[in-house]
>>> print(open('query-v4.cif').read())   # mmCIF, C-alpha atoms and all ligand atoms
data_input
loop_
_atom_site.group_PDB
_atom_site.id
_atom_site.type_symbol
_atom_site.label_atom_id
_atom_site.label_comp_id
_atom_site.auth_asym_id
_atom_site.auth_seq_id
_atom_site.Cartn_x
_atom_site.Cartn_y
_atom_site.Cartn_z
ATOM 1 C CA MET A 1 103.173 88.308 102.477
ATOM 2 C CA GLY A 2 105.062 91.566 102.570
ATOM 3 C CA ILE A 3 107.428 92.108 105.496
ATOM 4 C CA CYS A 4 108.728 95.655 105.845
ATOM 5 C CA GLY A 5 111.973 96.734 107.485
ATOM 6 C CA THR A 6 110.482 99.997 108.773
ATOM 7 C CA TYR A 7 107.600 100.574 111.199
ATOM 8 C CA SER A 8 105.813 103.027 108.954
ATOM 9 C CA HIS A 9 104.717 101.896 105.523
ATOM 10 C CA ASP A 10 104.859 105.572 104.608
ATOM 11 C CA SER A 11 108.585 105.045 104.005
ATOM 12 C CA ALA A 12 110.689 104.181 100.976
ATOM 13 C CA ASN A 13 110.534 100.518 101.959
ATOM 14 C CA GLY A 14 106.800 100.607 102.550
ATOM 15 C CA HIS A 15 106.430 102.115 99.091
ATOM 16 C CA LEU A 16 108.826 99.642 97.455
ATOM 17 C CA LEU A 17 107.018 96.743 99.099
ATOM 18 C CA ARG A 18 103.626 98.023 97.919
ATOM 19 C CA MET A 19 104.964 98.313 94.358
ATOM 20 C CA ALA A 20 106.222 94.717 94.448
ATOM 21 C CA LEU A 21 102.989 93.383 95.978
ATOM 22 C CA ASP A 22 100.946 95.278 93.349
ATOM 23 C CA ALA A 23 103.109 93.709 90.623
ATOM 24 C CA CYS A 24 102.391 90.262 92.097
ATOM 25 C CA GLU A 25 98.657 91.049 92.254
ATOM 26 C CA THR A 26 98.732 91.980 88.571
ATOM 27 C CA LEU A 27 100.007 88.432 87.987
ATOM 28 C CA GLY A 28 97.084 86.960 89.937
ATOM 29 C CA ALA A 29 98.522 86.698 93.463
ATOM 30 C CA GLU A 30 96.657 87.654 96.618
ATOM 31 C CA THR A 31 98.777 89.709 99.010
ATOM 32 C CA VAL A 32 98.864 90.632 102.685
ATOM 33 C CA VAL A 33 101.211 92.821 104.724
ATOM 34 C CA TRP A 34 101.957 92.951 108.416
ATOM 35 C CA ASP A 35 101.432 96.487 109.765
ATOM 36 C CA LEU A 36 103.848 97.089 112.643
ATOM 37 C CA GLU A 37 102.314 100.475 113.487
ATOM 38 C CA GLU A 38 98.940 98.838 114.061
ATOM 39 C CA LYS A 39 100.312 95.628 115.578
ATOM 40 C CA PRO A 40 103.848 96.064 116.904
ATOM 41 C CA LEU A 41 105.904 92.990 117.723
ATOM 42 C CA PRO A 42 108.009 92.964 120.895
ATOM 43 C CA LEU A 43 111.724 92.290 120.703
ATOM 44 C CA VAL A 44 112.345 88.558 120.837
ATOM 45 C CA GLY A 45 112.957 87.599 124.464
ATOM 46 C CA ALA A 46 111.590 90.826 125.988
ATOM 47 C CA PRO A 47 109.570 90.195 129.175
ATOM 48 C CA GLY A 48 106.200 88.687 128.198
ATOM 49 C CA SER A 49 107.123 88.460 124.526
ATOM 50 C CA TRP A 50 106.701 84.676 124.225
ATOM 51 C CA ASP A 51 102.983 84.987 125.036
ATOM 52 C CA ASP A 52 102.330 88.122 122.962
ATOM 53 C CA GLU A 53 99.051 87.990 121.001
ATOM 54 C CA ASN A 54 100.463 90.012 118.069
ATOM 55 C CA VAL A 55 103.308 87.518 117.783
ATOM 56 C CA LYS A 56 100.853 84.617 117.564
ATOM 57 C CA GLU A 57 98.864 86.448 114.891
ATOM 58 C CA PHE A 58 102.050 87.269 112.970
ATOM 59 C CA GLN A 59 103.095 83.608 113.044
ATOM 60 C CA GLU A 60 99.621 82.565 111.850
ATOM 61 C CA MET A 61 99.733 85.009 108.951
ATOM 62 C CA ALA A 62 103.203 83.750 108.019
ATOM 63 C CA THR A 63 101.996 80.141 108.187
ATOM 64 C CA ASN A 64 98.959 80.772 105.976
ATOM 65 C CA VAL A 65 100.812 82.250 102.983
ATOM 66 C CA ASP A 66 102.902 80.681 100.223
ATOM 67 C CA ALA A 67 105.603 83.310 99.654
ATOM 68 C CA TYR A 68 107.319 86.308 101.231
ATOM 69 C CA ILE A 69 108.795 89.598 100.049
ATOM 70 C CA LEU A 70 111.257 91.263 102.414
ATOM 71 C CA SER A 71 112.106 94.939 101.996
ATOM 72 C CA SER A 72 114.661 96.505 104.326
ATOM 73 C CA PRO A 73 116.639 99.725 104.544
ATOM 74 C CA GLU A 74 120.384 99.190 104.821
ATOM 75 C CA TYR A 75 121.527 100.261 108.306
ATOM 76 C CA HIS A 76 125.273 100.207 108.981
ATOM 77 C CA GLY A 77 125.881 97.745 106.188
ATOM 78 C CA THR A 78 123.109 95.276 106.973
ATOM 79 C CA MET A 79 119.343 94.801 107.356
ATOM 80 C CA SER A 80 117.400 96.886 109.896
ATOM 81 C CA GLY A 81 116.802 95.512 113.383
ATOM 82 C CA VAL A 82 113.088 95.917 112.634
ATOM 83 C CA ILE A 83 113.170 93.310 109.873
ATOM 84 C CA LYS A 84 115.553 90.998 111.731
ATOM 85 C CA ASN A 85 113.215 90.971 114.727
ATOM 86 C CA GLN A 86 110.317 89.940 112.472
ATOM 87 C CA LEU A 87 112.447 87.134 110.998
ATOM 88 C CA ASP A 88 113.372 86.065 114.523
ATOM 89 C CA TRP A 89 109.683 85.560 115.333
ATOM 90 C CA VAL A 90 109.230 82.849 112.697
ATOM 91 C CA TYR A 91 110.739 79.391 112.359
ATOM 92 C CA ALA A 92 111.000 76.859 109.563
ATOM 93 C CA LYS A 93 107.722 75.301 110.764
ATOM 94 C CA HIS A 94 105.975 78.580 109.775
ATOM 95 C CA VAL A 95 107.903 79.663 106.703
ATOM 96 C CA GLY A 96 110.056 76.732 105.535
ATOM 97 C CA ASP A 97 109.794 75.254 102.034
ATOM 98 C CA LYS A 98 108.212 78.427 100.692
ATOM 99 C CA VAL A 99 109.430 81.069 98.263
ATOM 100 C CA TRP A 100 111.128 84.325 99.209
ATOM 101 C CA ALA A 101 112.226 87.522 97.464
ATOM 102 C CA VAL A 102 114.499 90.210 98.910
ATOM 103 C CA MET A 103 114.717 93.979 98.288
ATOM 104 C CA SER A 104 116.642 96.796 99.969
ATOM 105 C CA THR A 105 117.043 100.565 99.937
ATOM 106 C CA LEU A 106 120.146 102.606 100.674
ATOM 107 C CA GLY A 107 120.915 106.247 101.294
ATOM 108 C CA GLY A 108 124.190 105.739 99.424
ATOM 109 C CA GLN A 109 125.298 103.587 96.513
ATOM 110 C CA ALA A 110 123.409 100.370 95.822
ATOM 111 C CA ASN A 111 125.148 97.221 97.025
ATOM 112 C CA SER A 112 124.188 93.653 97.919
ATOM 113 C CA ASN A 113 125.027 93.574 101.650
ATOM 114 C CA THR A 114 121.500 93.725 103.038
ATOM 115 C CA LEU A 115 120.189 91.485 100.248
ATOM 116 C CA ASN A 116 122.816 88.846 100.991
ATOM 117 C CA HIS A 117 122.271 89.017 104.738
ATOM 118 C CA MET A 118 118.487 88.590 104.351
ATOM 119 C CA ARG A 119 119.137 85.765 101.879
ATOM 120 C CA ILE A 120 121.200 83.966 104.540
ATOM 121 C CA SER A 121 118.487 84.399 107.204
ATOM 122 C CA ALA A 122 115.779 83.156 104.821
ATOM 123 C CA ARG A 123 117.951 80.175 103.922
ATOM 124 C CA TRP A 124 118.355 79.412 107.641
ATOM 125 C CA LEU A 125 114.560 79.361 107.821
ATOM 126 C CA HIS A 126 114.588 76.757 105.015
ATOM 127 C CA GLY A 127 113.208 79.258 102.506
ATOM 128 C CA HIS A 128 113.815 79.131 98.755
ATOM 129 C CA VAL A 129 115.033 82.614 97.840
ATOM 130 C CA ILE A 130 114.660 83.511 94.161
ATOM 131 C CA PRO A 131 117.755 84.851 92.376
ATOM 132 C CA GLU A 132 116.040 88.079 91.255
ATOM 133 C CA GLN A 133 116.606 90.902 93.762
ATOM 134 C CA ILE A 134 116.482 94.689 93.948
ATOM 135 C CA ALA A 135 118.697 97.199 95.756
ATOM 136 C CA VAL A 136 117.549 100.810 95.390
ATOM 137 C CA GLY A 137 120.544 103.102 95.947
ATOM 138 C CA LYS A 138 120.378 106.873 96.574
ATOM 139 C CA VAL A 139 116.803 106.195 97.588
ATOM 140 C CA LYS A 140 115.861 109.852 98.132
ATOM 141 C CA GLU A 141 116.235 110.412 94.389
ATOM 142 C CA ALA A 142 114.928 107.013 93.261
ATOM 143 C CA PHE A 143 111.204 107.800 92.867
ATOM 144 C CA ASN A 144 109.486 110.563 90.892
ATOM 145 C CA ASP A 145 106.506 112.611 92.135
ATOM 146 C CA ASP A 146 104.123 109.855 90.994
ATOM 147 C CA GLY A 147 106.020 107.255 93.023
ATOM 148 C CA ALA A 148 107.430 105.498 89.946
ATOM 149 C CA PHE A 149 111.108 104.556 89.611
ATOM 150 C CA VAL A 150 113.214 107.294 87.994
ATOM 151 C CA ASP A 151 115.472 104.531 86.615
ATOM 152 C CA ASN A 152 113.424 102.331 84.287
ATOM 153 C CA ASP A 153 115.908 99.448 84.762
ATOM 154 C CA LEU A 154 114.630 99.153 88.340
ATOM 155 C CA GLN A 155 111.056 98.806 87.075
ATOM 156 C CA GLU A 156 112.201 96.016 84.747
ATOM 157 C CA ARG A 157 113.961 94.303 87.653
ATOM 158 C CA MET A 158 110.805 94.580 89.736
ATOM 159 C CA ASP A 159 108.637 93.091 86.975
ATOM 160 C CA LYS A 160 111.087 90.168 86.671
ATOM 161 C CA LEU A 161 111.201 89.701 90.433
ATOM 162 C CA ALA A 162 107.389 89.557 90.679
ATOM 163 C CA GLU A 163 107.149 87.163 87.734
ATOM 164 C CA SER A 164 109.808 84.867 89.195
ATOM 165 C CA LEU A 165 108.237 84.909 92.671
ATOM 166 C CA VAL A 166 104.755 84.055 91.370
ATOM 167 C CA ASN A 167 105.958 81.419 88.883
ATOM 168 C CA THR A 168 108.367 79.745 91.321
ATOM 169 C CA THR A 169 105.639 79.619 93.972
ATOM 170 C CA LYS A 170 103.231 77.992 91.515
ATOM 171 C CA LYS A 171 105.880 75.416 90.532
ATOM 172 C CA LEU A 172 106.748 74.614 94.136
ATOM 173 C CA LEU A 173 103.132 74.221 95.198
ATOM 174 C CA GLY A 174 102.371 72.083 92.138
HETATM 175 C C1 LIG B 201 120.839 103.932 111.579
HETATM 176 C C2 LIG B 201 120.984 104.145 110.100
HETATM 177 C C3 LIG B 201 122.033 103.551 109.444
HETATM 178 C C4 LIG B 201 122.170 103.711 108.056
HETATM 179 N N1 LIG B 201 123.190 103.068 107.422
HETATM 180 C C5 LIG B 201 123.303 103.168 106.077
HETATM 181 C C6 LIG B 201 124.312 102.448 105.385
HETATM 182 O O1 LIG B 201 125.101 101.700 105.963
HETATM 183 N N2 LIG B 201 124.398 102.606 104.041
HETATM 184 C C7 LIG B 201 123.536 103.408 103.341
HETATM 185 O O2 LIG B 201 123.657 103.516 102.118
HETATM 186 N N3 LIG B 201 122.542 104.085 103.969
HETATM 187 C C8 LIG B 201 122.391 103.971 105.309
HETATM 188 N N4 LIG B 201 121.359 104.612 105.964
HETATM 189 C C9 LIG B 201 120.314 105.295 105.160
HETATM 190 C C10 LIG B 201 119.107 104.362 104.978
HETATM 191 O O3 LIG B 201 119.483 103.191 104.260
HETATM 192 C C11 LIG B 201 117.966 105.084 104.226
HETATM 193 O O4 LIG B 201 117.565 106.182 105.014
HETATM 194 C C12 LIG B 201 116.807 104.124 104.011
HETATM 195 O O5 LIG B 201 117.160 103.181 103.024
HETATM 196 C C13 LIG B 201 115.549 104.869 103.549
HETATM 197 O O6 LIG B 201 114.477 103.955 103.531
HETATM 198 P P1 LIG B 201 113.174 104.169 104.459
HETATM 199 O O7 LIG B 201 112.502 105.453 104.001
HETATM 200 O O8 LIG B 201 112.303 102.978 104.185
HETATM 201 O O9 LIG B 201 113.620 104.255 105.889
HETATM 202 C C14 LIG B 201 121.225 104.480 107.335
HETATM 203 C C15 LIG B 201 120.155 105.103 108.032
HETATM 204 C C16 LIG B 201 120.035 104.938 109.398
HETATM 205 C C17 LIG B 201 118.849 105.559 110.122
#
>>> encode(input="query-v4.cif", output="structure tokens", more="lines below")
Ligand SMILES: Cc1cc2nc3c(=O)[nH]c(=O)nc-3n(C[C@H](O)[C@H](O)[C@H](O)COP(=O)(O)O)c2cc1C
Amino acid sequence: MGICGTYSHDSANGHLLRMALDACETLGAETVVWDLEEKPLPLVGAPGSWDDENVKEFQEMATNVDAYILSSPEYHGTMSGVIKNQLDWVYAKHVGDKVWAVMSTLGGQANSNTLNHMRISARWLHGHVIPEQIAVGKVKEAFNDDGAFVDNDLQERMDKLAESLVNTTKKLLG
């Protein structure tokens, strides 16, 4: 299941997530993504939010999958509120004991802040986060006109991330 840190999937993170999900599909995985534009989730605790039908559907989708890929822009040194709110709508009973991968994009230099912060949240949800991770720095220049990475090292990192996510999930599920 892909979880995107922006509303629109027509964003760098939507694109990065699609690339990672496609790489997993090439390895035999089935993938799904939650589309916030089609089915927005209320802020946790907003009036009426506990009975929201989209929230229930989101929790069901999260329960029915074996692994997650998070992709978030870095905002002020951490993950976006959009991705944190999605994480706040699930609990270990939905997503625990499953496999996670984390990716981020930055306007500036690549760093590990957002990756580490998402890793902590996933750990708190009793997730097993794989060591492979991707931070795409200077994101406006990171993709060519065909949508491929300009830096081939990033493509190699993505291939390794997808392979690790699929293989670790298979091992964990026996
Ligand atoms: C509110 C806000 C805060 C941001 N903070 C940072 C930051 O701390 N470091 C950084 O490198 N880029 C920062 N940026 C740039 C975003 O990381 C960049 O626009 C994003 O990764 C692009 O991905 P997207 O197309 O999926 O939104 C910020 C952008 C916004 C809107």
>>> residues_around(input="query-v4.cif", residues="range 73-78 of chain A", least_positions_apart="3", cutoff="10 Å", atoms="all atoms listed in the file", output="list in words")
Cys4, Gly5, Thr6, Ser11, Ala12, Asn13, Gly81, Val82, Ile83, Lys84, Met103, Ser104, Thr105, Leu106, Gly107, Gly108, Ala110, Asn111, Ser112, Asn113, Thr114, Leu115, Asn116, His117, Met118, Ala135, Val136, Gly137 and Val139 of chain A
>>> closest_residue(input="query-v4.cif", among="A:Ser72, A:Ser49, A:Gln59, A:Gln109", to="Tyr91 in chain A", atoms="only C-alpha atoms")
A:Gln59
>>> residues_around(input="query-v4.cif", residues="Phe58 in chain A", least_positions_apart="6", cutoff="9 Å", atoms="only C-alpha atoms", output="PyMOL selection string")
chain A and resi 34+39+41+86+89-90
>>> closest_residue(input="query-v4.cif", among="A:Thr31, A:Ile3, A:Lys56, A:Thr63", to="Val102 in chain A", atoms="all atoms listed in the file")
A:Ile3
>>> closest_residue(input="query-v4.cif", among="A:Gly28, A:Leu173, A:Asn85, A:Leu125", to="Pro42 in chain A", atoms="all atoms listed in the file")
A:Asn85
>>> decode(input="query-v4.cif", residues="range 107-128 of chain A", atoms="N, CA and C atoms", output="PDB file, in the first residue's frame")
ATOM      1  N   GLY A 107      13.300  20.067  -1.174  1.00  0.00           N
ATOM      2  CA  GLY A 107      13.663  21.144  -2.078  1.00  0.00           C
ATOM      3  C   GLY A 107      15.154  21.394  -2.032  1.00  0.00           C
ATOM      4  N   GLY A 108      15.757  21.189  -0.875  1.00  0.00           N
ATOM      5  CA  GLY A 108      17.190  21.423  -0.679  1.00  0.00           C
ATOM      6  C   GLY A 108      17.991  20.129  -0.710  1.00  0.00           C
ATOM      7  N   GLN A 109      19.094  20.135   0.030  1.00  0.00           N
ATOM      8  CA  GLN A 109      19.973  18.965   0.063  1.00  0.00           C
ATOM      9  C   GLN A 109      19.284  17.758   0.691  1.00  0.00           C
ATOM     10  N   ALA A 110      19.602  16.579   0.182  1.00  0.00           N
ATOM     11  CA  ALA A 110      19.051  15.355   0.779  1.00  0.00           C
ATOM     12  C   ALA A 110      19.564  15.207   2.212  1.00  0.00           C
ATOM     13  N   ASN A 111      18.679  14.773   3.102  1.00  0.00           N
ATOM     14  CA  ASN A 111      19.100  14.404   4.449  1.00  0.00           C
ATOM     15  C   ASN A 111      18.165  13.298   4.940  1.00  0.00           C
ATOM     16  N   SER A 112      18.355  12.866   6.176  1.00  0.00           N
ATOM     17  CA  SER A 112      17.579  11.722   6.674  1.00  0.00           C
ATOM     18  C   SER A 112      16.519  12.107   7.703  1.00  0.00           C
ATOM     19  N   ASN A 113      16.271  13.421   7.875  1.00  0.00           N
ATOM     20  CA  ASN A 113      15.327  13.828   8.938  1.00  0.00           C
ATOM     21  C   ASN A 113      13.950  13.177   8.771  1.00  0.00           C
ATOM     22  N   THR A 114      13.343  13.441   7.622  1.00  0.00           N
ATOM     23  CA  THR A 114      11.974  12.935   7.407  1.00  0.00           C
ATOM     24  C   THR A 114      11.957  11.410   7.422  1.00  0.00           C
ATOM     25  N   LEU A 115      12.985  10.796   6.846  1.00  0.00           N
ATOM     26  CA  LEU A 115      13.068   9.329   6.844  1.00  0.00           C
ATOM     27  C   LEU A 115      13.105   8.811   8.278  1.00  0.00           C
ATOM     28  N   ASN A 116      13.949   9.424   9.095  1.00  0.00           N
ATOM     29  CA  ASN A 116      14.078   8.957  10.485  1.00  0.00           C
ATOM     30  C   ASN A 116      12.792   9.180  11.271  1.00  0.00           C
ATOM     31  N   HIS A 117      12.146  10.320  11.031  1.00  0.00           N
ATOM     32  CA  HIS A 117      10.918  10.604  11.778  1.00  0.00           C
ATOM     33  C   HIS A 117       9.810   9.626  11.387  1.00  0.00           C
ATOM     34  N   MET A 118       9.706   9.301  10.097  1.00  0.00           N
ATOM     35  CA  MET A 118       8.692   8.319   9.662  1.00  0.00           C
ATOM     36  C   MET A 118       9.044   6.929  10.196  1.00  0.00           C
ATOM     37  N   ARG A 119      10.335   6.642  10.250  1.00  0.00           N
ATOM     38  CA  ARG A 119      10.802   5.352  10.787  1.00  0.00           C
ATOM     39  C   ARG A 119      10.356   5.204  12.256  1.00  0.00           C
ATOM     40  N   ILE A 120      10.466   6.292  13.011  1.00  0.00           N
ATOM     41  CA  ILE A 120      10.053   6.250  14.421  1.00  0.00           C
ATOM     42  C   ILE A 120       8.539   6.013  14.517  1.00  0.00           C
ATOM     43  N   SER A 121       7.759   6.737  13.715  1.00  0.00           N
ATOM     44  CA  SER A 121       6.295   6.556  13.767  1.00  0.00           C
ATOM     45  C   SER A 121       5.914   5.128  13.392  1.00  0.00           C
ATOM     46  N   ALA A 122       6.544   4.596  12.343  1.00  0.00           N
ATOM     47  CA  ALA A 122       6.225   3.225  11.909  1.00  0.00           C
ATOM     48  C   ALA A 122       6.615   2.224  12.989  1.00  0.00           C
ATOM     49  N   ARG A 123       7.713   2.483  13.653  1.00  0.00           N
ATOM     50  CA  ARG A 123       8.147   1.606  14.754  1.00  0.00           C
ATOM     51  C   ARG A 123       7.119   1.644  15.890  1.00  0.00           C
ATOM     52  N   TRP A 124       6.577   2.847  16.148  1.00  0.00           N
ATOM     53  CA  TRP A 124       5.576   2.992  17.213  1.00  0.00           C
ATOM     54  C   TRP A 124       4.303   2.232  16.872  1.00  0.00           C
ATOM     55  N   LEU A 125       4.095   2.034  15.569  1.00  0.00           N
ATOM     56  CA  LEU A 125       2.939   1.251  15.102  1.00  0.00           C
ATOM     57  C   LEU A 125       3.291  -0.236  14.993  1.00  0.00           C
ATOM     58  N   HIS A 126       4.415  -0.618  15.573  1.00  0.00           N
ATOM     59  CA  HIS A 126       4.905  -2.003  15.560  1.00  0.00           C
ATOM     60  C   HIS A 126       5.198  -2.509  14.162  1.00  0.00           C
ATOM     61  N   GLY A 127       5.648  -1.586  13.285  1.00  0.00           N
ATOM     62  CA  GLY A 127       6.031  -1.983  11.929  1.00  0.00           C
ATOM     63  C   GLY A 127       7.496  -2.364  11.878  1.00  0.00           C
ATOM     64  N   HIS A 128       7.841  -3.195  10.888  1.00  0.00           N
ATOM     65  CA  HIS A 128       9.238  -3.570  10.642  1.00  0.00           C
ATOM     66  C   HIS A 128       9.711  -2.754   9.440  1.00  0.00           C
TER      67      HIS A 128
END
